[in-house]
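Asker: Hey, dropping coords.cif in here, mmCIF, C-alpha atoms:
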```
data_my_file
#
loop_
_atom_site.label_atom_id
_atom_site.label_comp_id
_atom_site.auth_asym_id
_atom_site.auth_seq_id
_atom_site.Cartn_x
_atom_site.Cartn_y
_atom_site.Cartn_z
CA MET A 23 79.19 111.82 81.38
CA LEU A 24 78.40 114.60 78.97
CA LYS A 25 77.77 113.37 75.48
CA LYS A 26 79.13 115.31 72.62
CA LEU A 27 76.44 117.29 70.84
CA SER A 28 76.37 117.10 67.09
CA PHE A 29 75.44 119.38 64.25
CA ASN A 30 73.04 116.78 62.83
CA LYS A 31 70.25 119.36 62.88
CA PHE A 32 72.20 121.75 60.71
CA VAL A 33 69.83 120.87 57.93
CA ASN A 34 70.15 122.07 54.40
CA ILE A 35 67.78 124.88 53.55
CA LEU A 36 66.11 124.07 50.27
CA ILE A 37 64.61 127.22 48.77
CA SER A 38 62.41 126.74 45.72
CA LEU A 39 62.95 129.32 43.01
CA LEU A 40 59.88 131.45 42.53
CA LEU A 41 58.38 131.73 39.06
CA VAL A 42 58.44 135.51 39.33
CA HIS A 43 61.53 137.01 40.94
CA THR A 44 64.11 139.61 40.23
CA ALA A 45 67.43 138.52 38.76
CA HIS A 46 69.17 139.85 41.85
CA ALA A 47 67.17 137.66 44.26
CA GLN A 48 67.39 134.60 42.00
CA THR A 49 71.17 134.86 41.97
CA ALA A 50 71.30 135.05 45.76
CA GLU A 51 69.06 132.00 46.00
CA GLN A 52 71.28 130.14 43.57
CA TRP A 53 74.33 130.90 45.73
CA LEU A 54 72.39 129.62 48.72
CA GLN A 55 71.51 126.40 46.96
CA THR A 56 75.07 125.74 45.79
CA GLY A 57 76.29 126.52 49.31
CA ASN A 58 73.89 123.92 50.71
CA GLN A 59 75.03 121.41 48.12
CA LYS A 60 78.71 121.97 48.86
CA MET A 61 78.07 121.66 52.59
CA ALA A 62 76.32 118.32 52.02
CA GLU A 63 79.31 117.17 49.97
CA GLY A 64 81.74 118.16 52.74
CA ASN A 65 83.23 121.10 50.82
CA MET A 66 83.02 123.47 53.77
CA LEU A 67 85.27 126.23 52.46
CA GLY A 68 83.38 126.27 49.17
CA ALA A 69 80.10 126.44 51.08
CA ILE A 70 81.30 129.45 53.10
CA LYS A 71 82.27 131.20 49.87
CA ASP A 72 78.85 130.58 48.30
CA PHE A 73 76.89 131.63 51.39
CA SER A 74 79.01 134.77 51.58
CA LYS A 75 78.20 135.53 47.92
CA ALA A 76 74.51 135.21 48.72
CA ILE A 77 74.93 137.62 51.64
CA GLU A 78 76.82 140.11 49.47
CA LEU A 79 73.89 140.18 47.08
CA ASN A 80 71.27 140.30 49.82
CA THR A 81 72.51 141.51 53.20
CA ASN A 82 69.15 140.62 54.77
CA TYR A 83 69.18 137.01 53.58
CA ALA A 84 68.57 135.19 56.89
CA GLU A 85 68.82 131.72 55.36
CA ALA A 86 72.31 132.47 54.02
CA TYR A 87 73.48 133.54 57.49
CA LEU A 88 71.98 130.33 58.89
CA GLY A 89 73.81 128.26 56.27
CA ARG A 90 77.14 129.98 56.84
CA GLY A 91 76.71 129.76 60.60
CA ALA A 92 76.10 126.03 60.23
CA VAL A 93 79.34 125.60 58.31
CA TYR A 94 81.29 127.63 60.85
CA GLY A 95 79.81 125.40 63.53
CA GLU A 96 80.92 122.27 61.66
CA LEU A 97 84.42 123.75 61.53
CA LEU A 98 84.29 124.56 65.28
CA ALA A 99 84.68 128.26 64.50
CA PHE A 100 82.18 129.10 67.24
CA PRO A 101 82.55 132.91 67.47
CA GLU A 102 81.87 133.23 63.75
CA ALA A 103 79.03 130.72 63.98
CA LEU A 104 77.38 132.59 66.85
CA LYS A 105 77.61 135.91 65.03
CA ASP A 106 75.93 134.51 61.90
CA LEU A 107 73.24 132.63 63.83
CA ASN A 108 72.39 135.72 65.86
CA THR A 109 72.02 137.66 62.63
CA ALA A 110 69.84 134.94 61.10
CA ILE A 111 67.48 134.99 64.09
CA ILE A 112 67.32 138.80 64.16
CA LEU A 113 66.41 138.82 60.47
CA ASN A 114 63.92 135.95 60.73
CA SER A 115 62.87 134.73 64.15
CA ASN A 116 60.93 131.87 62.53
CA LEU A 117 64.09 130.00 61.41
CA THR A 118 63.56 127.11 63.81
CA ASP A 119 66.82 125.28 63.12
CA ALA A 120 68.80 128.41 63.93
CA TYR A 121 67.78 128.00 67.58
CA PHE A 122 69.07 124.42 67.67
CA ASN A 123 72.34 125.45 66.04
CA ARG A 124 72.81 128.42 68.34
CA GLY A 125 72.04 126.21 71.33
CA TYR A 126 74.85 123.94 70.22
CA VAL A 127 77.22 126.88 69.97
CA TYR A 128 76.22 128.20 73.39
CA HIS A 129 76.83 124.73 74.81
CA ALA A 130 80.30 124.73 73.26
CA PHE A 131 80.93 128.05 75.02
CA LYS A 132 79.67 126.47 78.29
CA ASP A 133 76.89 129.05 78.35
CA TYR A 134 74.38 126.38 79.37
CA ASN A 135 71.55 128.71 80.39
CA HIS A 136 71.41 130.34 76.97
CA ALA A 137 71.78 126.91 75.35
CA LEU A 138 68.80 125.63 77.35
CA LYS A 139 66.73 128.64 76.35
CA ASP A 140 67.41 127.96 72.66
CA PHE A 141 66.70 124.24 72.92
CA ASN A 142 63.45 125.01 74.75
CA LYS A 143 62.49 127.36 71.93
CA TYR A 144 63.39 124.75 69.33
CA LEU A 145 61.36 122.00 71.02
CA SER A 146 58.38 124.29 71.52
CA ILE A 147 58.13 124.34 67.72
CA LYS A 148 59.51 120.88 66.83
CA SER A 149 58.25 118.80 69.72
CA ASN A 150 58.67 115.54 67.80
CA ASP A 151 62.35 115.97 67.01
CA ALA A 152 64.50 113.37 68.75
CA GLU A 153 67.80 115.25 68.41
CA GLY A 154 66.29 118.21 70.21
CA TYR A 155 65.56 116.09 73.28
CA LEU A 156 69.04 114.58 73.23
CA ALA A 157 70.64 118.03 72.98
CA ARG A 158 68.51 119.40 75.80
CA SER A 159 69.24 116.33 77.92
CA ASN A 160 72.96 117.05 77.58
CA THR A 161 72.35 120.65 78.58
CA PHE A 162 70.32 119.64 81.65
CA LYS A 163 73.23 117.38 82.65
CA SER A 164 75.63 120.29 82.34
CA LEU A 165 73.34 122.27 84.62
CA ASN A 166 73.25 119.37 87.12
CA GLN A 167 69.51 118.90 86.59
CA SER A 168 69.69 115.11 86.51
CA GLU A 169 65.99 114.29 86.63
CA LEU A 170 65.14 116.56 83.70
CA ALA A 171 68.15 115.24 81.80
CA GLU A 172 67.00 111.65 82.31
CA LYS A 173 63.44 112.50 81.29
CA ASP A 174 64.61 114.00 78.00
CA LEU A 175 66.99 111.10 77.41
CA GLN A 176 64.22 108.55 77.85
CA THR A 177 62.01 110.57 75.49
CA TYR A 178 64.81 110.48 72.93
CA LEU A 179 65.32 106.71 73.28
CA LYS A 180 61.60 105.99 72.85
CA MET A 181 61.23 108.00 69.66
CA ASN A 182 61.29 106.15 66.37
CA PRO A 183 64.24 106.88 64.09
CA LYS A 184 63.53 107.00 60.36
CA THR A 185 66.85 107.46 58.58
CA SER A 186 70.08 105.50 58.68
CA ASN A 187 71.87 108.42 60.37
CA GLU A 188 69.20 108.63 63.06
CA PHE A 189 69.54 104.92 63.85
CA LEU A 190 73.34 105.31 63.93
CA ARG A 191 73.09 108.24 66.34
CA ARG A 192 70.77 106.34 68.67
CA SER A 193 73.07 103.31 68.45
CA THR A 194 75.92 105.48 69.70
CA VAL A 195 73.84 106.79 72.60
CA LYS A 196 72.77 103.28 73.60
CA LEU A 197 76.37 102.11 73.51
CA GLU A 198 77.36 104.94 75.86
CA LEU A 199 74.61 103.67 78.16
CA HIS A 200 76.11 100.14 77.96
CA ASP A 201 73.07 98.81 76.09
CA THR A 202 75.14 96.79 73.63
CA ILE A 203 72.22 94.68 72.39
CA GLY A 204 70.08 97.73 71.66
CA SER A 205 73.04 99.54 70.14
CA LEU A 206 73.80 96.67 67.76
CA SER A 207 70.12 96.40 66.82
CA ASP A 208 70.03 100.07 65.84
CA LEU A 209 73.28 99.74 63.93
CA ASN A 210 71.89 96.78 61.99
CA LYS A 211 68.91 98.93 61.05
CA ALA A 212 71.20 101.75 59.97
CA ILE A 213 73.01 99.34 57.64
CA GLU A 214 69.73 97.94 56.34
CA LEU A 215 68.62 101.45 55.38
CA ASN A 216 71.97 102.45 53.88
CA PRO A 217 73.95 99.37 52.84
CA ASP A 218 76.22 101.47 50.61
CA ASN A 219 77.76 103.23 53.62
CA ALA A 220 80.93 101.22 54.19
CA GLU A 221 81.74 103.11 57.39
CA LEU A 222 78.77 101.44 59.07
CA PHE A 223 80.31 98.02 58.47
CA LEU A 224 83.56 99.21 60.05
CA ILE A 225 81.65 100.35 63.13
CA ARG A 226 79.72 97.07 63.36
CA SER A 227 82.95 95.07 63.09
CA ASP A 228 83.90 96.44 66.51
CA PHE A 229 80.76 94.94 68.01
CA TYR A 230 81.67 91.53 66.66
CA PHE A 231 85.21 91.94 67.98
CA TRP A 232 83.83 92.60 71.48
CA LYS A 233 81.60 89.54 71.12
CA MET A 234 84.62 87.52 69.89
CA ASP A 235 82.65 86.63 66.77
CA TYR A 236 85.71 86.96 64.57
CA LYS A 237 84.17 85.45 61.45
CA LYS A 238 81.45 88.09 61.35
CA GLU A 239 84.01 90.76 62.18
CA ILE A 240 86.03 89.67 59.15
CA GLU A 241 82.93 89.70 56.95
CA ASP A 242 82.20 93.32 57.88
CA LEU A 243 85.82 94.36 57.45
CA ASN A 244 85.83 92.70 54.02
CA VAL A 245 82.95 94.95 52.96
CA TYR A 246 84.69 98.00 54.36
CA LEU A 247 88.09 97.28 52.79
CA ILE A 248 86.59 96.63 49.36
CA ASN A 249 85.45 100.25 49.48
CA ASN A 250 88.38 101.78 51.37
CA LYS A 251 91.87 100.37 50.98
CA SER A 252 93.67 103.34 52.57
CA ASN A 253 92.76 102.74 56.23
CA TYR A 254 95.67 100.86 57.76
CA LEU A 255 93.78 100.42 61.05
CA ALA A 256 91.11 98.36 59.25
CA TYR A 257 93.82 96.00 57.98
CA ILE A 258 95.13 95.67 61.54
CA LYS A 259 91.64 94.87 62.84
CA ARG A 260 91.12 92.17 60.22
CA GLY A 261 94.64 90.83 60.75
CA ASP A 262 93.99 90.48 64.47
CA ALA A 263 90.70 88.71 63.75
CA TYR A 264 92.48 86.24 61.45
CA ALA A 265 95.12 85.67 64.13
CA ALA A 266 92.41 84.98 66.71
CA LEU A 267 91.22 82.24 64.35
CA PHE A 268 94.82 80.98 63.96
CA ILE A 269 94.85 81.91 60.26
CA TYR A 270 98.29 83.46 60.49
CA SER A 271 99.02 83.64 56.76
CA ALA A 272 96.02 85.94 56.28
CA ALA A 273 97.01 87.95 59.36
CA ILE A 274 100.49 88.42 57.90
CA GLU A 275 99.05 89.60 54.59
CA ASP A 276 96.83 92.19 56.31
CA TYR A 277 99.69 93.47 58.45
CA SER A 278 101.81 93.73 55.32
CA ASN A 279 99.15 95.96 53.79
CA ALA A 280 99.05 98.03 56.98
CA ILE A 281 102.84 98.43 56.90
CA LYS A 282 102.71 99.69 53.31
CA LEU A 283 100.45 102.47 54.59
CA ASN A 284 102.39 103.13 57.82
CA ARG A 285 105.98 101.97 57.41
CA GLY A 286 107.52 103.48 60.51
CA ASN A 287 105.27 101.79 63.07
CA ALA A 288 107.33 99.51 65.32
CA HIS A 289 104.22 97.78 66.69
CA LEU A 290 103.23 96.58 63.23
CA TYR A 291 106.61 94.95 62.64
CA PHE A 292 106.55 93.34 66.09
CA ASP A 293 103.05 91.93 65.67
CA ARG A 294 103.77 90.64 62.17
CA GLY A 295 106.95 89.10 63.54
CA ILE A 296 104.89 87.18 66.11
CA PHE A 297 102.54 85.97 63.38
CA TYR A 298 105.56 84.77 61.39
CA LEU A 299 106.74 82.87 64.48
CA GLU A 300 103.32 81.25 64.86
CA ASN A 301 103.39 80.37 61.16
CA LYS A 302 106.88 78.85 61.55
CA GLU A 303 108.45 81.36 59.16
CA PHE A 304 111.40 82.05 61.41
CA LEU A 305 113.65 84.01 59.07
CA GLU A 306 110.86 86.46 58.29
CA ALA A 307 110.07 86.66 62.00
CA ARG A 308 113.68 87.59 62.77
CA ASN A 309 113.68 90.28 60.09
CA ASP A 310 110.50 91.86 61.44
CA LEU A 311 111.62 91.74 65.06
CA ASP A 312 114.90 93.42 64.09
CA LEU A 313 112.87 96.14 62.37
CA ALA A 314 110.74 96.53 65.49
CA LEU A 315 113.93 97.24 67.45
CA SER A 316 115.19 99.68 64.84
CA TYR A 317 111.93 101.61 65.10
CA ASN A 318 112.16 101.71 68.92
CA TYR A 319 109.56 99.19 70.03
CA PRO A 320 109.08 100.11 73.72
CA ASN A 321 109.37 96.62 75.27
CA LYS A 322 112.81 95.71 74.00
CA GLU A 323 113.20 92.74 76.37
CA LEU A 324 110.12 91.13 74.83
CA VAL A 325 111.52 91.65 71.32
CA HIS A 326 114.84 90.06 72.29
CA TYR A 327 113.00 87.13 73.86
CA ASN A 328 111.12 86.44 70.62
CA LEU A 329 114.28 86.95 68.58
CA GLY A 330 115.82 84.23 70.72
CA ILE A 331 112.93 81.92 69.85
CA ALA A 332 113.44 82.64 66.15
CA GLU A 333 117.19 81.98 66.37
CA ILE A 334 116.66 78.65 68.18
CA ASN A 335 114.35 77.49 65.41
CA LEU A 336 116.87 78.63 62.83
CA GLY A 337 119.52 76.51 64.57
CA ASN A 338 121.54 79.49 65.76
CA ILE A 339 122.04 78.61 69.42
CA LYS A 340 124.82 81.13 70.06
CA GLU A 341 122.79 83.99 68.62
CA ALA A 342 119.72 82.81 70.54
CA CYS A 343 121.62 82.94 73.82
CA LEU A 344 122.78 86.48 73.05
CA GLU A 345 119.17 87.51 72.53
CA PHE A 346 117.98 85.71 75.67
CA GLY A 347 120.68 87.53 77.60
CA LYS A 348 119.02 90.83 76.66
CA SER A 349 115.52 89.68 77.61
CA GLY A 350 115.73 89.95 81.39
CA ASP A 351 114.21 87.15 83.43
CA MET A 352 111.58 86.04 80.91
CA ALA A 353 113.97 83.64 79.13
CA SER A 354 115.37 81.87 82.22
CA GLU A 355 113.96 78.50 81.12
CA PHE A 356 115.63 78.73 77.70
CA LYS A 357 118.88 79.98 79.19
CA GLY A 358 119.03 76.97 81.45
CA LYS A 359 118.36 74.60 78.57
CA TYR A 360 120.47 76.10 75.75
CA CYS A 361 122.92 78.58 77.24
CA LYS A 362 125.03 76.68 79.77
#
```
Taking this structure as input, can you express it in the form of structure tokens?
Answerer:
Amino acid sequence: MLKKLSFNKFVNILISLLLVHTAHAQTAEQWLQTGNQKMAEGNMLGAIKDFSKAIELNTNYAEAYLGRGAVYGELLAFPEALKDLNTAIILNSNLTDAYFNRGYVYHAFKDYNHALKDFNKYLSIKSNDAEGYLARSNTFKSLNQSELAEKDLQTYLKMNPKTSNEFLRRSTVKLELHDTIGSLSDLNKAIELNPDNAELFLIRSDFYFWKMDYKKEIEDLNVYLINNKSNYLAYIKRGDAYAALFIYSAAIEDYSNAIKLNRGNAHLYFDRGIFYLENKEFLEARNDLDLALSYNYPNKELVHYNLGIAEINLGNIKEACLEFGKSGDMASEFKGKYCK
């Protein structure tokens, strides 16, 4: 299966200001540097504006075209990216990263032969770059050259990552290859190198979920949610982990936080209603299950079945039988016992 290529090699171009330079060139370099900074910060539109300013001041500024092409690539604006990268290479054929970036763009256009040519060029200069081998491996796969693709992939896997992002990238590749142990090992290293990146803890929590190690999953989600309280899916993950440990009060609290962030989700009300049932809070369970129906929960028979359970525990036998009557065959046992 083709792996998605990334723009990880769209590196920032750090140009040192020369001690002797014209004011015109210094200003263009300053626009380039602020463009690089904005790109690193995720301000892509601001980066395009700054790179364009640099180009206005120096129409032959290859590095500015490379920077703007990189941003266009990040934004998936491939025609614009290709135009800028072509210009950068024409102006300065020694801009090595431009070949990687253009190879990515060609791959996006399904022009695999041109992509391969650019990745070959890139690796002829940067033969120790792991991402280059991974990108070329993907291209060989697209060209149905399986042996060459596997050779490059194995080269990539044997190379030693240095940064947290590099370990994370290799972790993702290993996971796609079903090497869960190796993937988790790389992810642990990524966290070790960058413990302030809360997203890494969210990713690792999924590993612990798959391993059914719910306590460790909760620990990682705790770290993530301390730093990001706006992701309702993270509350759902932690709520499910608490429920797996039969800690329903904590599960209810997490689902309540998720509902505050996503009020119209019928599944959230249904699941919290089930947790209320398990926690013997039957009135609250009935309220949530009614809300699940009002928001069009797809399996209405299942909702009515659980509403019947809530009504029985609330002592409302007549109402319970009405609910069981709407639940199809799944409540036959209760019908026979309570609804004669």
Asker: With 10 Å as the threshold, what does the neighbourhood of (68.1, 126.5, 65.4) contain in terms of residues, counting all atoms listed in the file? Coordinates are those of the file; answer as JSON, numbers by chain.
Answerer: {"A": [31, 32, 33, 88, 92, 107, 110, 111, 115, 116, 117, 118, 119, 120, 121, 122, 123, 124, 125, 126, 140, 141, 143, 144, 145, 154]}
Asker: Those selected residues, please, written with C-alpha atoms and delivered as a short mmCIF file (atom, residue, chain, number, x, y, z; two decimals), in the coordinates of the input.
Answerer:
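And here is the file that came out, selection_14.cif:
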```cif
data_model
loop_
_atom_site.label_atom_id
_atom_site.label_comp_id
_atom_site.auth_asym_id
_atom_site.auth_seq_id
_atom_site.Cartn_x
_atom_site.Cartn_y
_atom_site.Cartn_z
CA LYS A 31 70.25 119.36 62.88
CA PHE A 32 72.20 121.75 60.71
CA VAL A 33 69.83 120.87 57.93
CA LEU A 88 71.98 130.33 58.89
CA ALA A 92 76.10 126.03 60.23
CA LEU A 107 73.24 132.63 63.83
CA ALA A 110 69.84 134.94 61.10
CA ILE A 111 67.48 134.99 64.09
CA SER A 115 62.87 134.73 64.15
CA ASN A 116 60.93 131.87 62.53
CA LEU A 117 64.09 130.00 61.41
CA THR A 118 63.56 127.11 63.81
CA ASP A 119 66.82 125.28 63.12
CA ALA A 120 68.80 128.41 63.93
CA TYR A 121 67.78 128.00 67.58
CA PHE A 122 69.07 124.42 67.67
CA ASN A 123 72.34 125.45 66.04
CA ARG A 124 72.81 128.42 68.34
CA GLY A 125 72.04 126.21 71.33
CA TYR A 126 74.85 123.94 70.22
CA ASP A 140 67.41 127.96 72.66
CA PHE A 141 66.70 124.24 72.92
CA LYS A 143 62.49 127.36 71.93
CA TYR A 144 63.39 124.75 69.33
CA LEU A 145 61.36 122.00 71.02
CA GLY A 154 66.29 118.21 70.21
#
```
Asker: Taking the file as shown, find all residues satisfying the PyMOL selection byres ((chain A and resi 283) around 10) and write them as a PyMOL selection string.
Answerer: chain A and resi 251-255+257+277-282+284-287
Asker: Skipping near chain neighbours, those fewer than 3 positions away, what residues fall within 6 Å of region 156-166 of chain A using only C-alpha atoms, listed as a ChimeraX atom specification?
Answerer: /A:141,153,171,174-175,178
Asker: May I ask for the distance between CA of Ser168 (chain A) and CA of Lys148 (chain A), given in Å to one decimal place?
Answerer: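 Computing the Euclidean distance for CA of Ser168 (chain A) and CA of Lys148 (chain A) yields 22.9 Å.
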Asker: Taking all atoms listed in the file into account, name the residue in A:Gly261, A:Lys105, A:Ala212, A:Leu336 that is nearest to Ser186 (chain A).
Answerer: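 Answer, going by the shortest atom-to-atom distance: A:Ala212.
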Asker: Quick one, how far is CA of Ala332 (chain A) from CA of Ala256 (chain A)?
Answerer: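 CA of Ala256 (chain A) lies at a distance of 28.2 Å from CA of Ala332 (chain A).
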Asker: Using all atoms listed in the file, pick whichever of A:Ile274, A:Ala288, A:Asn135, A:Leu324 has the shortest atom-to-atom distance to Glu300 (chain A).
Answerer: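 Comparing A:Ile274, A:Ala288, A:Asn135, A:Leu324 against Glu300 (chain A), the winner is A:Ile274.
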Asker: Excluding Tyr128 (chain A) and any residue of its chain fewer than 6 positions from it, enumerate the residues within 8 Å of it, using all atoms listed in the file, and give them as a list in words.
Answerer: Leu104, Tyr134, His136 and Ala137 of chain A
Asker: For a quick check of understanding, using only C-alpha atoms, which of A:Asn219, A:Gln52, A:Asn82, A:Ser349 has the smallest distance to Asn328 (chain A)?
Answerer: A:Ser349
Asker: The PyMOL selection byres ((chain A and resi 67) around 12) - which residues does that actually catch in the file I just gave you? List them as a PyMOL selection string.
Answerer: chain A and resi 57-58+60-66+68-74+90+93-94+96-97
Asker: Determine the axis-aligned bounding box of all atoms of region 326-332 of chain A present in the file, pad each side by 4 Å, and express its centre and edge lengths in Å to one decimal place as lines of an AutoDock Vina configuration file.
Answerer:
```
center_x = 113.5
center_y = 86.0
center_z = 70.0
size_x = 12.7
size_y = 16.1
size_z = 15.7
```
Asker: With the file shown as input, list the residues that the PyMOL selection byres ((chain A and resi 267-272) around 8) selects, as a list in words.
Answerer: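 Against this file, the PyMOL selection byres ((chain A and resi 267-272) around 8) returns the residues Tyr236, Gly261, Ala263, Tyr264, Ala265, Ala266, Ala273, Ile274, Glu275, Asp276, Phe297, Tyr298, Glu300 and Asn301 of chain A.
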